[in-house]
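Text of the file query_7.txt, holding compact mmCIF, C-alpha atoms:
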```txt
# COMPACT_ATOMS: atom_id res chain seq x y z
CA THR A 21 44.30 110.52 -154.19
CA LEU A 22 41.70 108.30 -152.57
CA THR A 23 42.72 105.02 -150.95
CA ALA A 24 40.23 102.17 -150.69
CA GLN A 25 39.67 100.45 -147.34
CA TRP A 26 38.58 96.85 -147.14
CA ALA A 27 37.07 94.55 -144.56
CA ARG A 28 36.57 90.86 -145.01
CA ALA A 29 33.01 89.78 -145.79
CA GLY A 30 31.03 89.25 -142.60
CA ALA A 31 33.68 90.91 -140.41
CA GLN A 32 32.53 91.96 -136.95
CA THR A 33 33.85 93.79 -133.92
CA VAL A 34 32.97 92.41 -130.49
CA VAL A 35 32.77 95.36 -128.07
CA THR A 36 33.04 94.75 -124.32
CA PHE A 37 32.15 97.26 -121.61
CA ASP A 38 34.30 97.22 -118.46
CA ALA A 39 32.50 99.23 -115.76
CA ASN A 40 35.79 99.54 -113.82
CA GLY A 41 34.34 99.15 -110.35
CA GLY A 42 30.81 100.17 -111.29
CA GLU A 43 27.80 98.43 -112.77
CA VAL A 44 26.63 98.48 -116.38
CA SER A 45 23.50 97.03 -117.98
CA GLU A 46 25.33 95.82 -121.11
CA GLU A 47 28.63 93.97 -121.02
CA GLU A 48 29.07 93.00 -124.67
CA ARG A 49 27.86 94.01 -128.12
CA THR A 50 28.68 92.85 -131.65
CA LEU A 51 28.97 95.38 -134.47
CA GLY A 52 29.40 94.86 -138.18
CA ALA A 53 32.76 96.11 -139.49
CA GLY A 54 32.58 99.86 -140.03
CA ALA A 55 29.30 100.23 -138.12
CA ALA A 56 28.91 103.21 -135.80
CA LEU A 57 28.67 102.64 -132.04
CA THR A 58 25.45 104.22 -130.80
CA GLY A 59 23.30 103.98 -127.70
CA LEU A 60 26.27 103.77 -125.34
CA PRO A 61 25.30 102.37 -121.92
CA VAL A 62 25.77 104.61 -118.88
CA PRO A 63 27.32 102.78 -115.91
CA THR A 64 26.71 103.70 -112.27
CA ARG A 65 28.96 103.62 -109.21
CA SER A 66 28.23 104.84 -105.71
CA GLY A 67 30.34 107.87 -104.76
CA TYR A 68 31.57 108.49 -108.31
CA THR A 69 30.44 110.29 -111.47
CA PHE A 70 30.89 108.59 -114.84
CA THR A 71 33.14 110.64 -117.16
CA GLY A 72 33.26 108.50 -120.30
CA TRP A 73 34.21 105.32 -122.12
CA TYR A 74 37.81 104.90 -123.35
CA TYR A 75 39.25 102.66 -126.04
CA GLU A 76 43.05 102.44 -126.16
CA HIS A 77 43.32 105.80 -124.32
CA GLU A 78 40.92 107.54 -126.70
CA ARG A 79 37.55 108.88 -125.55
CA VAL A 80 34.67 107.12 -127.31
CA TYR A 81 31.59 109.14 -128.22
CA GLU A 82 28.24 108.33 -129.85
CA GLY A 83 28.85 107.39 -133.47
CA TYR A 84 32.41 106.17 -132.91
CA VAL A 85 33.66 103.78 -135.61
CA PHE A 86 36.33 101.23 -134.71
CA PRO A 87 39.15 100.41 -137.13
CA LEU A 88 38.03 97.89 -139.76
CA GLU A 89 40.65 95.38 -138.62
CA ALA A 90 39.48 95.44 -134.97
CA GLU A 91 37.93 92.05 -134.16
CA THR A 92 37.58 92.99 -130.49
CA ALA A 93 37.38 96.34 -128.71
CA ALA A 94 37.54 96.64 -124.93
CA LEU A 95 35.96 99.82 -123.56
CA ARG A 96 36.75 100.92 -120.02
CA ALA A 97 34.73 103.34 -117.90
CA ALA A 98 36.43 106.36 -116.30
CA TRP A 99 35.17 107.84 -113.03
CA MET A 100 35.47 111.10 -111.08
CA SER A 101 35.32 110.81 -107.31
CA ASP A 102 32.48 112.85 -105.80
CA SER A 103 34.79 113.83 -102.95
CA VAL A 104 36.38 117.29 -103.35
CA TRP A 105 39.89 118.05 -102.06
CA ASP A 106 40.02 120.21 -98.92
CA GLY A 107 43.58 121.41 -99.40
CA THR A 108 45.23 118.96 -96.99
CA ALA A 109 47.88 116.31 -97.67
CA ALA A 110 47.72 112.62 -96.83
CA GLU A 111 50.50 110.72 -95.10
CA ALA A 112 50.77 107.92 -97.68
CA TYR A 113 49.48 106.70 -101.04
CA ALA A 114 46.45 104.44 -101.38
CA GLY A 115 48.82 101.50 -101.97
CA GLY A 116 51.44 100.10 -104.28
CA THR A 117 55.20 99.71 -104.11
CA GLY A 118 56.16 101.90 -107.06
CA THR A 119 57.07 99.13 -109.49
CA GLU A 120 55.66 98.86 -113.00
CA SER A 121 53.46 95.93 -112.00
CA ASP A 122 52.45 97.49 -108.66
CA PRO A 123 52.53 101.29 -109.08
CA TYR A 124 51.85 103.75 -106.30
CA ARG A 125 48.09 104.35 -106.38
CA ILE A 126 46.56 107.80 -105.99
CA GLU A 127 42.82 108.02 -105.29
CA THR A 128 42.26 111.36 -103.52
CA GLY A 129 43.30 114.99 -103.66
CA ALA A 130 45.08 114.56 -100.34
CA GLN A 131 47.18 111.72 -101.79
CA LEU A 132 47.92 113.85 -104.85
CA ALA A 133 49.08 116.65 -102.53
CA TYR A 134 51.27 114.15 -100.66
CA PHE A 135 52.82 113.18 -104.01
CA ALA A 136 53.59 116.83 -104.79
CA ALA A 137 55.11 117.39 -101.34
CA GLN A 138 57.35 114.33 -101.67
CA VAL A 139 58.71 115.43 -105.06
CA ASN A 140 59.15 119.05 -104.04
CA GLY A 141 60.92 117.87 -100.92
CA GLY A 142 63.62 116.16 -102.99
CA ASN A 143 62.35 112.68 -103.89
CA ASP A 144 62.52 112.60 -107.69
CA TYR A 145 61.05 109.08 -107.87
CA ALA A 146 63.38 108.14 -110.72
CA GLY A 147 62.30 104.72 -112.02
CA ALA A 148 59.11 104.69 -109.93
CA TYR A 149 55.59 104.26 -111.32
CA PHE A 150 52.34 105.99 -110.33
CA THR A 151 48.74 105.48 -111.43
CA LEU A 152 45.71 107.69 -110.94
CA VAL A 153 42.94 105.32 -109.89
CA ASN A 154 40.08 107.74 -110.60
CA GLY A 155 39.43 111.35 -111.45
CA ILE A 156 40.05 113.93 -108.70
CA ASP A 157 38.39 117.31 -108.11
CA LEU A 158 40.83 119.73 -106.52
CA GLY A 159 38.00 122.14 -105.75
CA SER A 160 39.91 125.26 -106.90
CA GLU A 161 42.10 125.06 -103.81
CA ALA A 162 45.59 126.50 -104.32
CA TRP A 163 47.66 123.78 -106.01
CA THR A 164 51.45 123.55 -105.65
CA PRO A 165 52.88 122.13 -108.91
CA VAL A 166 54.62 118.75 -108.73
CA GLY A 167 58.36 119.31 -109.14
CA THR A 168 60.62 122.34 -109.23
CA ASP A 169 63.69 123.13 -111.31
CA ALA A 170 65.86 122.02 -108.38
CA HIS A 171 63.65 119.05 -107.46
CA PRO A 172 61.95 117.70 -110.62
CA PHE A 173 59.77 114.64 -111.07
CA CYS A 174 61.67 111.87 -112.89
CA GLY A 175 59.28 108.91 -112.65
CA VAL A 176 56.33 107.59 -114.66
CA PHE A 177 52.87 109.06 -113.99
CA ASP A 178 49.92 107.34 -115.69
CA GLY A 179 46.65 109.23 -115.47
CA ASN A 180 44.88 106.01 -116.50
CA ASP A 181 42.48 108.03 -118.72
CA ASN A 182 41.33 110.06 -115.71
CA LYS A 183 40.92 113.80 -115.14
CA VAL A 184 42.25 116.15 -112.50
CA ASP A 185 39.64 118.91 -112.32
CA ASN A 186 39.56 122.47 -110.99
CA ILE A 187 43.33 122.97 -110.70
CA VAL A 188 44.25 126.53 -109.69
CA THR A 189 47.96 127.27 -109.48
CA SER A 190 50.33 130.22 -109.59
CA GLY A 191 53.98 131.09 -109.16
CA ALA A 192 56.99 132.63 -110.84
CA ASN A 193 58.63 129.80 -112.80
CA TYR A 194 57.70 126.19 -113.65
CA VAL A 195 53.96 126.44 -113.22
CA GLY A 196 51.41 123.80 -114.25
CA PHE A 197 49.97 120.59 -112.84
CA PHE A 198 53.59 119.49 -112.89
CA GLY A 199 56.20 122.19 -112.45
CA ALA A 200 59.35 120.52 -113.78
CA VAL A 201 59.73 116.99 -115.19
CA LYS A 202 63.17 115.74 -116.20
CA ASN A 203 65.57 112.87 -116.75
CA GLY A 204 63.39 110.04 -118.05
CA ALA A 205 60.02 111.21 -116.76
CA VAL A 206 56.82 110.06 -118.49
CA VAL A 207 53.40 111.68 -118.07
CA GLN A 208 50.62 109.94 -119.98
CA ASN A 209 46.87 109.32 -120.35
CA LEU A 210 45.92 112.36 -118.29
CA THR A 211 43.33 115.12 -118.66
CA VAL A 212 43.55 118.34 -116.65
CA ASP A 213 41.26 121.33 -116.26
CA ILE A 214 43.59 124.05 -115.05
CA ARG A 215 43.89 127.77 -114.44
CA THR A 216 47.44 129.08 -114.13
CA ASN A 217 48.89 132.44 -113.20
CA GLY A 218 52.63 132.33 -113.75
CA THR A 219 55.58 134.26 -115.11
CA GLN A 220 57.57 131.91 -117.32
CA PHE A 221 57.91 128.18 -117.98
CA VAL A 222 54.15 127.70 -117.74
CA GLY A 223 52.10 124.82 -119.20
CA GLY A 224 48.90 122.91 -118.58
CA ILE A 225 50.62 119.56 -117.98
CA ALA A 226 54.12 120.80 -117.12
CA GLY A 227 55.93 124.12 -116.92
CA GLY A 228 59.19 122.80 -118.34
CA THR A 229 61.16 119.67 -119.16
CA ASP A 230 64.78 118.66 -119.54
CA GLN A 231 66.56 115.58 -120.86
CA GLU A 232 64.55 112.54 -122.01
CA VAL A 233 60.91 113.27 -121.13
CA HIS A 234 57.77 111.91 -122.81
CA ILE A 235 54.29 113.45 -122.48
CA ARG A 236 51.60 111.56 -124.38
CA ASN A 237 47.84 111.08 -124.66
CA CYS A 238 47.07 114.15 -122.55
CA GLU A 239 44.31 116.76 -122.82
CA VAL A 240 44.23 120.26 -121.36
CA TYR A 241 41.19 122.43 -120.62
CA GLY A 242 40.88 125.79 -118.89
CA THR A 243 43.26 128.76 -119.14
CA VAL A 244 47.05 128.68 -119.26
CA SER A 245 48.05 132.25 -118.46
CA ALA A 246 51.41 133.91 -117.83
CA THR A 247 53.14 137.27 -118.07
CA GLY A 248 56.49 136.11 -119.42
CA ASN A 249 58.10 133.68 -121.86
CA PHE A 250 57.85 129.92 -122.56
CA VAL A 251 54.11 129.34 -122.26
CA GLY A 252 52.30 126.38 -123.87
CA GLY A 253 49.02 124.54 -123.60
CA VAL A 254 50.78 121.27 -122.72
CA VAL A 255 54.31 122.37 -121.76
CA GLY A 256 56.07 125.73 -121.66
CA LEU A 257 59.58 124.55 -122.58
CA LEU A 258 60.31 121.20 -124.22
CA ARG A 259 63.89 120.00 -124.60
CA ILE A 260 66.29 118.12 -125.45
CA PRO A 261 66.36 117.40 -129.25
CA ASP A 262 66.03 113.69 -130.20
CA GLU A 263 65.13 112.81 -126.62
CA ALA A 264 61.98 114.63 -125.42
CA THR A 265 58.55 114.22 -127.05
CA VAL A 266 54.97 115.42 -126.78
CA GLU A 267 52.71 112.96 -128.58
CA ASN A 268 48.97 112.67 -129.21
CA CYS A 269 48.07 115.58 -126.94
CA LYS A 270 45.11 117.93 -127.37
CA VAL A 271 44.58 121.45 -126.04
CA PHE A 272 41.12 122.97 -125.57
CA ALA A 273 42.41 125.69 -123.22
CA ASP A 274 43.08 129.38 -123.79
CA VAL A 275 46.82 130.08 -123.81
CA VAL A 276 47.62 133.70 -122.91
CA THR A 277 50.84 135.64 -122.22
CA ASN A 278 52.33 139.10 -122.61
CA GLY A 279 55.73 137.56 -123.37
CA GLY A 280 57.21 135.50 -126.17
CA SER A 281 57.75 131.83 -127.00
CA VAL A 282 54.09 130.90 -126.74
CA GLY A 283 52.26 128.02 -128.43
CA GLY A 284 48.99 126.14 -128.34
CA VAL A 285 50.78 122.89 -127.48
CA VAL A 286 54.40 123.84 -126.68
CA GLY A 287 55.70 127.32 -125.94
CA CYS A 288 59.32 126.76 -126.93
CA ASN A 289 59.98 123.52 -128.76
CA ARG A 290 63.53 122.21 -128.77
CA ALA A 291 62.50 118.58 -129.18
CA THR A 292 59.73 116.66 -131.00
CA VAL A 293 55.94 117.11 -131.18
CA ILE A 294 54.01 114.25 -132.80
CA ASN A 295 50.32 114.39 -133.86
```
Any chance you could give the structure as structure tokens?
Amino acid sequence: TLTAQWARAGAQTVVTFDANGGEVSEEERTLGAGAALTGLPVPTRSGYTFTGWYYEHERVYEGYVFPLEAETAALRAAWMSDSVWDGTAAEAYAGGTGTESDPYRIETGAQLAYFAAQVNGGNDYAGAYFTLVNGIDLGSEAWTPVGTDAHPFCGVFDGNDNKVDNIVTSGANYVGFFGAVKNGAVVQNLTVDIRTNGTQFVGGIAGGTDQEVHIRNCEVYGTVSATGNFVGGVVGLLRIPDEATVENCKVFADVVTNGGSVGGVVGCNRATVIN
């Protein structure tokens, strides 16, 4: 069955380009409804590398076609800092108070390491908000996952359409960029390039979850590898039914294990996977 799509006569989409701290030669363009977006401008920013344009948390490529009903479309540039993490931890975040309107801001690998140390030390950040200001290159330094089974992350982490690159991490249980996320945690709008070496509860975004947890709009590249059970491209173990979700996530990584309960997106799914 084919379904017709309609656009009003003369409909247009006004596309705006937000350089997000950089400079861009074109700030606005008008497209006819259903017309492909081509000739994307390339912004510049000192100390950063441009990683792509995003529209409503979706990467926009050459030839992208906006929904017919979209009268406006705001594109935002994403950036990767040219600075590479040296394995050290900062003593504070870049700013913010942790509220939804003023989240803790993370700009460097050292601040990301500080975040991991705080959570693993017992601060679950329940009800607190974080935002990744730009992409971060961890330089293949040994990464300690954020959160353990005893000390999980329980706040809201927004990758802000940015990428954490060259993550190398290992351990027995709860291995990933995040180790364990539980009790209301949200991880969203994040891309990781990761290489894991774990035993069980291993995932690209998180090793395991419990209670009401939501992981959405995330992408995983690299290799998610383990020797045991509960291994997934996004999360190794997802639970609880009717509470936890993985939504709109994509996996371009190899997922490898000698054990059981393995999946491209979720290793063991006891909750809900959408799209």
(request) Record the distance separating atom CA of A:Ala137 and atom CA of A:Cys174, expressed in Å with one decimal. (result)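 Interatomic distance here is 14.4 Å.
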(request) Can you pull out every residue within 7 Å of A:Asn209, counting only C-alpha atoms, but drop anything in the same chain fewer than 4 positions away, and send it as a ChimeraX atom specification? (result) /A:77,178-181,236-238
Using the selection just defined, write its residues with C-alpha atoms as a JSON list (two decimals), keeping the file's coordinate frame.
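The resulting file, selection13.json, is shown below:
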```
[["chain", "number", "residue", "atom", "x", "y", "z"],
["A", 77, "HIS", "CA", 43.32, 105.80, -124.32],
["A", 178, "ASP", "CA", 49.92, 107.34, -115.69],
["A", 179, "GLY", "CA", 46.65, 109.23, -115.47],
["A", 180, "ASN", "CA", 44.88, 106.01, -116.50],
["A", 181, "ASP", "CA", 42.48, 108.03, -118.72],
["A", 236, "ARG", "CA", 51.60, 111.56, -124.38],
["A", 237, "ASN", "CA", 47.84, 111.08, -124.66],
["A", 238, "CYS", "CA", 47.07, 114.15, -122.55]]
```
(request) Might you pull out every residue within 12 Å of A:Gln208, with only C-alpha atoms counted and same-chain residues fewer than 6 positions away left off, and present them as a PyMOL selection string? (result) chain A and resi 77+149-152+175-183+225-226+233-239+254+265-269
(request) Quote the spacing between atom CA of A:Thr164 and atom CA of A:Thr243 in Å to one decimal place. (result) 16.6 Å
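Note that atom CA of A:Ala264 and atom CA of A:Val285 are 14.1 Å apart.
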(request) May I ask which of the residues A:Thr277, A:Thr247, A:Thr189, A:Asn154 is the closest one to A:Asn40, counting all atoms listed in the file? (result) A:Asn154
(message) I want to know what sits within 9 Å of A:Asp144, based on only C-alpha atoms, with residues of the same chain fewer than 4 positions away left out; could you give that as a PyMOL selection string?
(response) chain A and resi 138-140+148+167+171-175
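If you measure from each of A:Asp262, A:Asp38, A:Glu127, A:Asp106 to A:Trp163 using all atoms listed in the file, the closest one turns out to be A:Asp106.
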(message) Using only C-alpha atoms, can you tell me which of A:Ile260, A:Val240, A:Val206, A:Val282 comes closest to A:Phe221?
(response)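 Looking at the shortest contact to A:Phe221, the residue is A:Val282.
Near A:Gln32, within 8 Å and counting only C-alpha atoms, sit Thr50, Leu51, Gly52, Ala53 and Glu91 of chain A, not including residues fewer than 4 positions from it in the same chain.
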(message) I'd like the neighbourhood of A:Thr71 as a list in words, where a residue qualifies if any of its atoms comes within 9 Å (using only C-alpha atoms), though same-chain residues fewer than 4 positions away should be ignored.
(response)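 Near neighbours after the sequence-gap exclusion: Ala97, Ala98, Trp99, Met100, Gly155, Asn182 and Lys183 of chain A.
Counting only C-alpha atoms, the residue from A:Leu258, A:Val276, A:Val104, A:Ala112 that sits nearest to A:Asn186 is A:Val104.
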(request) Choose the residue, out of A:Ile156, A:Ala192, A:Val207, A:Ala24, that has the smallest atom-to-atom separation from A:Gln220; count only C-alpha atoms. (result)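 So, comparing all the options, the nearest one is A:Ala192.
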(message) Just checking: using all atoms listed in the file, which residue out of A:Asn193, A:Tyr75, A:Leu95, A:Gly30 ends up closest to A:Glu48?
(response) A:Leu95
